[in-house]
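Below: one structure, written as structure tokens.
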Amino acid sequence: MLMVLVVIPAYNEKLRVGRVIRGLFEHGYKDVLVVDDGSKDDTALEAEKAGAKVIKHEINRGQGAALETGDAYARNVGAEIVIHFDADGQFNPLDIEPALKLMRDKNVDLVFGSRFLDSRSKIPWQKKYLILPAARWINFVFTGITLSDAHNGFRILSKKALSKVVFLHDRMAHNTEILKIVKKNNLTYAESPVEVTYLNYGQGLSGGFRIILDLIIASFTK
Amino acid sequence: MNQPIQALLILIFLIAISKVFMRYRSEDLSLKETVVWILFWVLAGVVVIQPNLTARVAEMLGVGRGADVVVYISLVVLFFIVFRLVIKIEKLNREITKVIREKALK
């Protein structure tokens, strides 16, 4: 049996993280790691109560940083498959099994979740028609890769992908960064449909500009 | 030197130079940095005492007035310093993340 580790970066999600963890357990994913990214609330406590393994960033470093800490943990324990999953309950654990199957069938290194492969997600129109197309374009400009979805936190990484994907971007630009890494290392990938339930809006336009700024600054930093 | 603004600026530059010396003594600045900063303030002082110098530089560069040359050069220098600071902060951020990560994984 392969070790499948679900990595959940969490920041101030005490109200939702417990339910997310229980949902994963119910669907048979027993190795769940929560990276508490310096939360001000009881996120870590709630995650522990729900039965997840919890590690903590002492101060908030951003989602990219928390994911990388989770991936580093996964490398240390020798996980063979890592699933990135959001703490706020916007993903459906039922989407994992088909994505894992796709990974096996197509023998790819990575699977990206996409909101656009079926019609389950009720995407706010500004995101659907303005922000996400712009984000796809930015991904293309910086990486040369186009996916049907741009910034989707649902991903599955094989052991090979895990060894190559090391996030340097602390905040949200990791979604573009991962495509750069895919391109550079010739990793293979596929997209699998996921349902996203919008509980809060997530990143708006200003978040998008922040990402572009991060990408530009990073291009000068080694 | 015949304008109050000149005296005021020279005084500020002298204070700046003394600060540079103090920071060199407390080993916050390397010798190279100290020399560069002192040269910078001395040059600024020369420009203040002899404003006509900038007029000559302006003529050489094809800019209308001496004061304009000073503004243009200052802008470029400031932009360059801000750019370096942004890069430096990004690097510091990465270092902090690294330390926090190592602590988290322990």
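FYI, nothing fancy with the structure tokens labels: chains A, B, ... in order, residues from 1 per chain, ligands from 1 as they appear.
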
Practice prompt. Write out as an MDAnalysis selection string each polymer residue whose atoms come within 10 Å of range 204-213 of chain A, counting only C-alpha atoms; drop sequence neighbours fewer than 3 positions from it.
Written response: chainID A and resid 126:127 130:132 134:135 138:139 142 169 171:176 201 216:219

Discussion item. Taking only range 104-220 of chain A into account, list the residues labelled strand (DSSP E or B) by DSSP (computed from the backbone), as a PyMOL selection string.
Written reply: chain A and resi 110-114+155-158+189-193+196

Output C-alpha atoms for every residue in the selection just made, as a compact mmCIF listing (two decimals), in the first residue's frame.
```
# COMPACT_ATOMS: atom_id res chain seq x y z
CA LEU A 110 1.31 15.40 -11.36
CA VAL A 111 -2.42 15.89 -11.42
CA PHE A 112 -3.91 19.38 -11.25
CA GLY A 113 -7.48 19.97 -10.16
CA SER A 114 -9.62 22.00 -12.52
CA ARG A 155 -2.91 18.90 -6.74
CA ILE A 156 -1.49 15.41 -6.53
CA LEU A 157 2.26 14.90 -6.66
CA SER A 158 4.05 11.64 -7.32
CA TYR A 189 0.80 16.07 -15.87
CA ALA A 190 -2.94 15.72 -16.32
CA GLU A 191 -5.98 17.63 -15.17
CA SER A 192 -8.80 16.14 -13.18
CA PRO A 193 -12.20 17.73 -12.51
CA VAL A 196 -15.00 24.06 -5.69
```

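If you count only C-alpha atoms and ignore residues fewer than 5 places along the chain from Lys56 in chain A, what sits within 8 Å of it is A:Val35, A:Asp36, A:Asp37, A:Gly38, A:Ala44, B:Ala104.
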
Give me, as CSV, each residue of chain A that comes within 9 Å of chain B, together with its shortest interatomic pair and the distance in Å at one decimal, counting only C-alpha atoms, with rows ordered by chain and rising residue number.
```
residue,atom,partner,partner_atom,distance
A:Val35,CA,B:Ala104,CA,8.7
A:Ile55,CA,B:Ala104,CA,5.8
A:Lys56,CA,B:Ala104,CA,5.3
A:His57,CA,B:Ala104,CA,5.6
A:Glu58,CA,B:Ile100,CA,6.4
A:Ile59,CA,B:Ile100,CA,7.4
A:Arg61,CA,B:Thr97,CA,6.4
A:Ala65,CA,B:Thr97,CA,6.8
A:Ala66,CA,B:Arg101,CA,8.2
A:Glu68,CA,B:Arg101,CA,8.5
A:Thr69,CA,B:Arg101,CA,5.8
A:Gly70,CA,B:Leu105,CA,8.9
A:Ala72,CA,B:Leu105,CA,8.1
A:Tyr73,CA,B:Leu105,CA,6.6
A:Leu168,CA,B:Arg94,CA,7.3
A:His169,CA,B:Arg94,CA,8.2
A:Asp170,CA,B:Arg94,CA,7.6
A:Asp214,CA,B:Glu90,CA,9.0
A:Ile217,CA,B:Ile87,CA,6.8
A:Ala218,CA,B:Glu90,CA,7.7
A:Phe220,CA,B:Ile87,CA,7.1
A:Thr221,CA,B:Ile87,CA,6.3
A:Lys222,CA,B:Lys91,CA,8.3
```

Worksheet item: Smallest atom-to-atom distance to Leu39 in chain B: which of B:Met22, B:Ile17, B:Thr54, B:Leu92, using only C-alpha atoms?
Response: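 Answer, going by the shortest atom-to-atom distance: B:Ile17.
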
For Ile38 in chain B, work out the shell of residues within 9 Å, counting only C-alpha atoms and skipping chain neighbours fewer than 5 positions away, then give it as a PDB file with N, CA and C atoms, in the first residue's frame.
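Heads up, here's the output in out18.pdb:
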```pdb
ATOM      1  N   ALA B  16      25.682  63.839   8.602  1.00  0.00           N
ATOM      2  CA  ALA B  16      25.623  62.548   7.909  1.00  0.00           C
ATOM      3  C   ALA B  16      27.001  61.891   7.907  1.00  0.00           C
ATOM      4  N   ILE B  17      28.052  62.698   7.637  1.00  0.00           N
ATOM      5  CA  ILE B  17      29.414  62.142   7.609  1.00  0.00           C
ATOM      6  C   ILE B  17      29.817  61.631   8.994  1.00  0.00           C
ATOM      7  N   VAL B  20      28.259  58.354   9.478  1.00  0.00           N
ATOM      8  CA  VAL B  20      28.957  57.318   8.718  1.00  0.00           C
ATOM      9  C   VAL B  20      30.177  56.844   9.510  1.00  0.00           C
ATOM     10  N   PHE B  21      30.927  57.809  10.064  1.00  0.00           N
ATOM     11  CA  PHE B  21      32.106  57.455  10.871  1.00  0.00           C
ATOM     12  C   PHE B  21      31.713  56.597  12.072  1.00  0.00           C
ATOM     13  N   GLU B  33      32.263  50.551   2.060  1.00  0.00           N
ATOM     14  CA  GLU B  33      31.002  51.274   2.188  1.00  0.00           C
ATOM     15  C   GLU B  33      31.214  52.657   2.797  1.00  0.00           C
ATOM     16  N   LEU B  43      30.797  64.934  -2.185  1.00  0.00           N
ATOM     17  CA  LEU B  43      30.371  65.373  -3.506  1.00  0.00           C
ATOM     18  C   LEU B  43      29.125  66.248  -3.403  1.00  0.00           C
TER      19      LEU B  43
END
```
